[in-house]
Structures are given as C-alpha cells and as structure tokens.
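**Student:** For reference, the file work_18.pdb (PDB, C-alpha atoms) is included below:
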ATOM      1  CA  MET A  14      -8.069 -32.556 -50.565
ATOM      2  CA  ASN A  15      -5.207 -34.608 -49.248
ATOM      3  CA  TRP A  16      -3.883 -34.717 -45.713
ATOM      4  CA  ASP A  17      -0.750 -32.740 -46.554
ATOM      5  CA  ALA A  18      -2.808 -29.839 -47.857
ATOM      6  CA  ILE A  19      -5.094 -29.926 -44.787
ATOM      7  CA  GLY A  20      -2.007 -29.962 -42.540
ATOM      8  CA  ALA A  21      -0.504 -26.980 -44.387
ATOM      9  CA  VAL A  22      -3.759 -24.990 -44.070
ATOM     10  CA  ALA A  23      -3.927 -25.844 -40.346
ATOM     11  CA  GLU A  24      -0.309 -24.681 -39.845
ATOM     12  CA  LEU A  25      -1.051 -21.461 -41.754
ATOM     13  CA  LEU A  26      -4.132 -20.810 -39.594
ATOM     14  CA  ALA A  27      -2.106 -21.511 -36.443
ATOM     15  CA  ALA A  28       0.611 -19.080 -37.572
ATOM     16  CA  VAL A  29      -1.981 -16.374 -38.319
ATOM     17  CA  GLY A  30      -3.599 -16.996 -34.926
ATOM     18  CA  PHE A  31      -0.199 -16.721 -33.221
ATOM     19  CA  ILE A  32       0.567 -13.413 -34.967
ATOM     20  CA  VAL A  33      -2.873 -12.027 -34.041
ATOM     21  CA  SER A  34      -2.254 -13.071 -30.419
ATOM     22  CA  LEU A  35       1.130 -11.279 -30.407
ATOM     23  CA  ILE A  36      -0.430  -8.099 -31.796
ATOM     24  CA  TYR A  37      -3.164  -8.273 -29.164
ATOM     25  CA  LEU A  38      -0.622  -8.762 -26.355
ATOM     26  CA  ALA A  39       1.509  -5.875 -27.630
ATOM     27  CA  LYS A  40      -1.530  -3.568 -27.564
ATOM     28  CA  GLN A  41      -2.454  -4.741 -24.063
ATOM     29  CA  ILE A  42       1.080  -4.107 -22.808
ATOM     30  CA  SER A  43       1.068  -0.666 -24.396
ATOM     31  CA  MET A  44      -2.263   0.196 -22.761
ATOM     32  CA  THR A  45      -1.020  -1.084 -19.397
ATOM     33  CA  ASN A  46       2.115   1.039 -19.664
ATOM     34  CA  GLU A  47       0.005   4.116 -20.437
ATOM     35  CA  ASN A  48      -2.147   3.410 -17.387
ATOM     36  CA  VAL A  49       0.927   3.021 -15.184
ATOM     37  CA  VAL A  50       2.327   6.353 -16.397
ATOM     38  CA  GLN A  51      -1.008   8.100 -15.828
ATOM     39  CA  ASN A  52      -1.407   6.594 -12.352
ATOM     40  CA  THR A  53       2.162   7.465 -11.386
ATOM     41  CA  THR A  54       1.679  11.049 -12.530
ATOM     42  CA  ALA A  55      -1.542  11.258 -10.543
ATOM     43  CA  LEU A  56       0.213   9.956  -7.420
ATOM     44  CA  PHE A  57       3.036  12.475  -7.766
ATOM     45  CA  ASN A  58       0.490  15.248  -8.247
ATOM     46  CA  GLN A  59      -1.293  14.124  -5.085
ATOM     47  CA  GLY A  60       2.039  14.229  -3.240
ATOM     48  CA  GLU A  61       2.722  17.724  -4.509
ATOM     49  CA  HIS A  62      -0.737  18.877  -3.448
ATOM     50  CA  ALA A  63      -0.259  17.326  -0.012
ATOM     51  CA  SER A  64       3.062  19.154   0.357
ATOM     52  CA  LEU A  65       1.532  22.424  -0.753
ATOM     53  CA  ASN A  66      -1.374  21.888   1.624
ATOM     54  CA  GLY A  67       1.104  21.426   4.472
ATOM     55  CA  VAL A  68       2.848  24.682   3.605
ATOM     56  CA  VAL A  69      -0.458  26.496   3.208
ATOM     57  CA  ALA A  70      -1.695  25.138   6.544
ATOM     58  CA  ILE A  71       1.410  26.431   8.325
ATOM     59  CA  ASN A  72       1.144  29.821   6.680
ATOM     60  CA  LEU A  73      -2.567  30.041   7.471
ATOM     61  CA  SER A  74      -1.936  29.134  11.090
ATOM     62  CA  ILE A  75       0.602  31.965  11.307
ATOM     63  CA  VAL A  76      -1.764  34.424   9.635
ATOM     64  CA  GLU A  77      -4.891  33.370  11.518
ATOM     65  CA  SER A  78      -3.408  32.818  14.953
ATOM     66  CA  ARG A  79      -1.571  35.616  16.685
ATOM     67  CA  SER A  80      -0.142  33.142  19.201
ATOM     68  CA  VAL A  81       1.427  31.036  16.424
ATOM     69  CA  ALA A  82       2.906  34.140  14.801
ATOM     70  CA  GLU A  83       4.246  35.291  18.174
ATOM     71  CA  LEU A  84       5.680  31.832  18.789
ATOM     72  CA  MET A  85       7.521  31.895  15.465
ATOM     73  CA  LEU A  86       8.884  35.391  16.025
ATOM     74  CA  GLN A  87       9.967  34.610  19.580
ATOM     75  CA  ALA A  88      11.619  31.379  18.476
ATOM     76  CA  TYR A  89      13.480  33.141  15.687
ATOM     77  CA  SER A  90      14.709  35.967  17.912
ATOM     78  CA  ASP A  91      15.237  34.225  21.281
ATOM     79  CA  HIS A  92      14.690  30.486  21.064
ATOM     80  CA  ASP A  93      16.221  29.884  24.503
ATOM     81  CA  SER A  94      13.426  31.887  26.154
ATOM     82  CA  LEU A  95      10.755  29.423  25.007
ATOM     83  CA  ASP A  96       9.277  27.078  27.596
ATOM     84  CA  ALA A  97       9.061  23.330  26.926
ATOM     85  CA  VAL A  98       5.562  23.491  25.421
ATOM     86  CA  ASP A  99       6.454  26.295  23.011
ATOM     87  CA  ARG A 100       9.687  24.533  22.011
ATOM     88  CA  PHE A 101       7.621  21.461  21.216
ATOM     89  CA  ARG A 102       5.067  23.506  19.242
ATOM     90  CA  PHE A 103       7.828  25.268  17.325
ATOM     91  CA  GLY A 104       9.527  21.927  16.612
ATOM     92  CA  ARG A 105       6.295  20.509  15.183
ATOM     93  CA  LEU A 106       5.911  23.544  12.921
ATOM     94  CA  LEU A 107       9.454  23.061  11.673
ATOM     95  CA  PHE A 108       8.949  19.328  11.207
ATOM     96  CA  THR A 109       5.897  19.983   9.026
ATOM     97  CA  GLN A 110       7.818  22.519   6.942
ATOM     98  CA  PHE A 111      10.797  20.208   6.488
ATOM     99  CA  GLU A 112       8.560  17.224   5.735
ATOM    100  CA  SER A 113       6.765  19.189   3.005
ATOM    101  CA  HIS A 114      10.076  20.355   1.586
ATOM    102  CA  GLN A 115      11.376  16.787   1.613
ATOM    103  CA  THR A 116       8.394  15.669  -0.490
ATOM    104  CA  PHE A 117       9.171  18.364  -3.056
ATOM    105  CA  PHE A 118      12.858  17.411  -2.959
ATOM    106  CA  LEU A 119      12.180  13.712  -3.527
ATOM    107  CA  GLN A 120       9.840  14.410  -6.420
ATOM    108  CA  ASN A 121      12.394  16.757  -7.945
ATOM    109  CA  SER A 122      15.250  14.293  -7.511
ATOM    110  CA  ARG A 123      13.192  11.572  -9.229
ATOM    111  CA  ASN A 124      12.457  13.927 -12.157
ATOM    112  CA  SER A 125       8.752  13.410 -11.809
ATOM    113  CA  GLY A 126       6.179  16.032 -12.639
ATOM    114  CA  GLY A 127       6.001  18.739 -15.231
ATOM    115  CA  LYS A 128       7.398  22.228 -15.743
ATOM    116  CA  ASP A 129       4.788  23.807 -13.480
ATOM    117  CA  GLN A 130       5.815  21.559 -10.616
ATOM    118  CA  TRP A 131       9.480  22.491 -11.016
ATOM    119  CA  ALA A 132       8.623  26.189 -11.098
ATOM    120  CA  THR A 133       6.867  25.615  -7.765
ATOM    121  CA  TRP A 134       9.881  23.657  -6.509
ATOM    122  CA  GLU A 135      12.317  26.429  -7.428
ATOM    123  CA  TYR A 136      10.176  29.080  -5.752
ATOM    124  CA  TYR A 137       9.711  26.964  -2.644
ATOM    125  CA  ALA A 138      13.416  26.070  -2.497
ATOM    126  CA  ARG A 139      14.391  29.760  -2.525
ATOM    127  CA  ALA A 140      11.903  30.536   0.244
ATOM    128  CA  PHE A 141      13.149  27.549   2.244
ATOM    129  CA  ASP A 142      16.745  28.796   1.965
ATOM    130  CA  ASP A 143      15.710  31.835   4.024
ATOM    131  CA  LEU A 144      14.348  29.582   6.750
ATOM    132  CA  LEU A 145      17.669  27.737   6.932
ATOM    133  CA  LYS A 146      19.446  31.011   7.737
ATOM    134  CA  VAL A 147      17.635  31.301  11.075
ATOM    135  CA  PRO A 148      20.067  29.986  13.749
ATOM    136  CA  CYS A 149      17.464  28.106  15.823
ATOM    137  CA  VAL A 150      16.176  26.377  12.682
ATOM    138  CA  ALA A 151      19.670  25.178  11.787
ATOM    139  CA  LYS A 152      20.100  23.978  15.392
ATOM    140  CA  TRP A 153      16.736  22.173  15.231
ATOM    141  CA  TRP A 154      17.777  20.546  11.945
ATOM    142  CA  VAL A 155      20.978  19.152  13.426
ATOM    143  CA  ALA A 156      18.996  17.580  16.274
ATOM    144  CA  SER A 157      16.162  16.273  14.053
ATOM    145  CA  ARG A 158      17.825  15.355  10.761
ATOM    146  CA  SER A 159      17.786  11.606  11.424
ATOM    147  CA  ASN A 160      14.004  11.631  10.855
ATOM    148  CA  PHE A 161      14.457  12.361   7.154
ATOM    149  CA  ASP A 162      15.629  10.680   3.935
ATOM    150  CA  SER A 163      19.424  10.423   3.535
ATOM    151  CA  GLY A 164      19.407  12.289   0.210
ATOM    152  CA  PHE A 165      17.344  15.080   1.746
ATOM    153  CA  ILE A 166      19.715  15.232   4.727
ATOM    154  CA  ALA A 167      22.694  15.743   2.390
ATOM    155  CA  TYR A 168      20.740  18.369   0.430
ATOM    156  CA  ILE A 169      19.873  20.395   3.550
ATOM    157  CA  ASP A 170      23.344  19.961   5.078
ATOM    158  CA  ASN A 171      24.867  21.463   1.913
ATOM    159  CA  LYS A 172      22.504  24.443   2.092
ATOM    160  CA  LEU A 173      23.127  25.339   5.735
ATOM    161  CA  PRO A 174      25.190  28.475   6.301
ATOM    162  CA  ALA A 175      28.709  27.898   7.581
ATOM    163  CA  GLN A 176      28.733  27.644  11.368
TER
END
Represent the supplied structure as structure tokens.

**Tutor:**
Amino acid sequence: MNWDAIGAVAELLAAVGFIVSLIYLAKQISMTNENVVQNTTALFNQGEHASLNGVVAINLSIVESRSVAELMLQAYSDHDSLDAVDRFRFGRLLFTQFESHQTFFLQNSRNSGGKDQWATWEYYARAFDDLLKVPCVAKWWVASRSNFDSGFIAYIDNKLPAQ
C-alpha cells in the first residue's frame, strides 16, 4: 500500500469519526433539552401547588377558626372598626391571597402548564374577581400594590371596579 492510499483511508476514518461525533452531540443536546423541559414543567407544577396550598391554608383557617372568619366578615363590612392588630392580621391574609393569585397570573402569562392548570386559573380568577369588589380589599390593594410584579399590578388595576 502506498502512502497516498494510507492517507486517504486515514482521512475517510477521520470523516466517519467526525460524523459519529456530530450524531452523538445532537443526541446529547436533544436529551438535555428534554430534561430542561421536564424540569421546567416540574418547577411550574410545584409553583402551582404552592399557590393552591396558600389558598387552601387561608380557606382552612377561615373554616377552622371562628376568630379568623369573624375578622374577615368584620373587615369586609366595617374595616374602620378594626384595631391595629386585626388590621395587620387582615392585611396578611390579603397579602397571602394576592401573592398566590400573582403566582397563578405569572404562570398563565408565561403560557406554562397544561389545560388542567388553566382550568384552575380560570376558576380561581373568577373567584378572585369577587374579592376585588370588596371596598376594603380594593383600598388595601392601592396601599400595597408596590409589593407585587408590575404585570400583575396592571392586571389587578384593570380588574378593580370603577371608584
């Protein structure tokens, strides 16, 4: 065998090796992308569950604690009669509700999650609209809105009843 033939075989083997390497890298990139998608979906699901847990915790506290239920009813009907401690407690309840709703809103605005999540979002959004109709809640929102995401602020501001 002459040197030209050996050189040609070596170049052919190098080309085959290069193509095999490219195929391997393409498969690795594809697998990495799949893992990223799966991990992102899992994180969004965890966020949704955390939001739902916040809502459930508030609802359970209202159901299980007469004093919390009384606080909510008193705040809704005569917010000005609350003392400083009850105003603070009521504000924390509202903050938790708005924070949970913001998580749903951000996930929805990023188009993450599946159909089931958006069915939950639509249900929760309708229920939240009723909360925004309570005058003391709207007043609390105006005073506390700077604690939230700018997109969420615009979303809530557009939903508030005309003053």

**Student:** What lies within 9 Å of Phe161 (chain A) using all atoms listed in the file, ignoring chain neighbours under 6 positions off, as a PyMOL selection string?

**Tutor:** chain A and resi 111-112+115

**Student:** What separation in Å, quoted to one decimal, exists between CA of Trp134 (chain A) and CA of Asn121 (chain A)?

**Tutor:**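 CA of Asn121 (chain A) lies at a distance of 7.5 Å from CA of Trp134 (chain A).
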
**Student:** Between A:Val150, A:Glu135, A:His92, A:Asn66, which residue has the minimum interatomic distance to Leu107 (chain A), considering all atoms listed in the file?

**Tutor:**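 When distances to Leu107 (chain A) are compared using all atoms listed in the file, the smallest one comes from A:Val150.
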
**Student:** List as JSON, numbers by chain the protein and nucleic acid residues near Phe108 (chain A), meaning an atom at most 9 Å away when only C-alpha atoms are counted, but skip any in the same chain fewer than 5 places from it.

**Tutor:** {"A": [103, 113, 154, 157]}

**Student:** Given all atoms listed in the file as the basis, pick out the residue of A:Arg139, A:His114, A:Arg105, A:Lys40 nearest to Phe165 (chain A).

**Tutor:**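 Comparing A:Arg139, A:His114, A:Arg105, A:Lys40 against Phe165 (chain A), the winner is A:His114.
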
**Student:** Could you state the separation of CA of Val49 (chain A) and CA of Ile32 (chain A) in Å, given to one decimal place?

**Tutor:**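 Spanning CA of Val49 (chain A) to CA of Ile32 (chain A) is a straight-line distance of 25.7 Å.
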
**Student:** Evaluate the PyMOL selection byres ((chain A and resi 172) around 12) against this structure - the residues, as an NGL selection string, please.

**Tutor:** :A and (138-139 or 141-146 or 151 or 154 or 165-171 or 173-176)

**Student:** Taking all listed atoms of region 98-116 of chain A, build the axis-aligned box, pad each of the six sides by 8 Å, then write its centre and edge lengths in Å to one decimal as JSON.

**Tutor:**
{"center_x": 8.2, "center_y": 21.0, "center_z": 12.5, "size_x": 22.3, "size_y": 26.6, "size_z": 41.9}

**Student:** Distance CA of Asp17 (chain A)-CA of Ile36 (chain A), one decimal place?

**Tutor:** 28.7 Å

**Student:** Pick from A:Phe117, A:Ser90, A:Arg79, A:Gly104: nearest to Trp153 (chain A), with only C-alpha atoms counted?

**Tutor:**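 The closest residue to Trp153 (chain A) is A:Gly104.
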
**Student:** Between A:Ala140, A:Ala70, A:Ala18, A:Cys149, single out the one closest to Met85 (chain A), counting all atoms listed in the file.

**Tutor:** A:Cys149
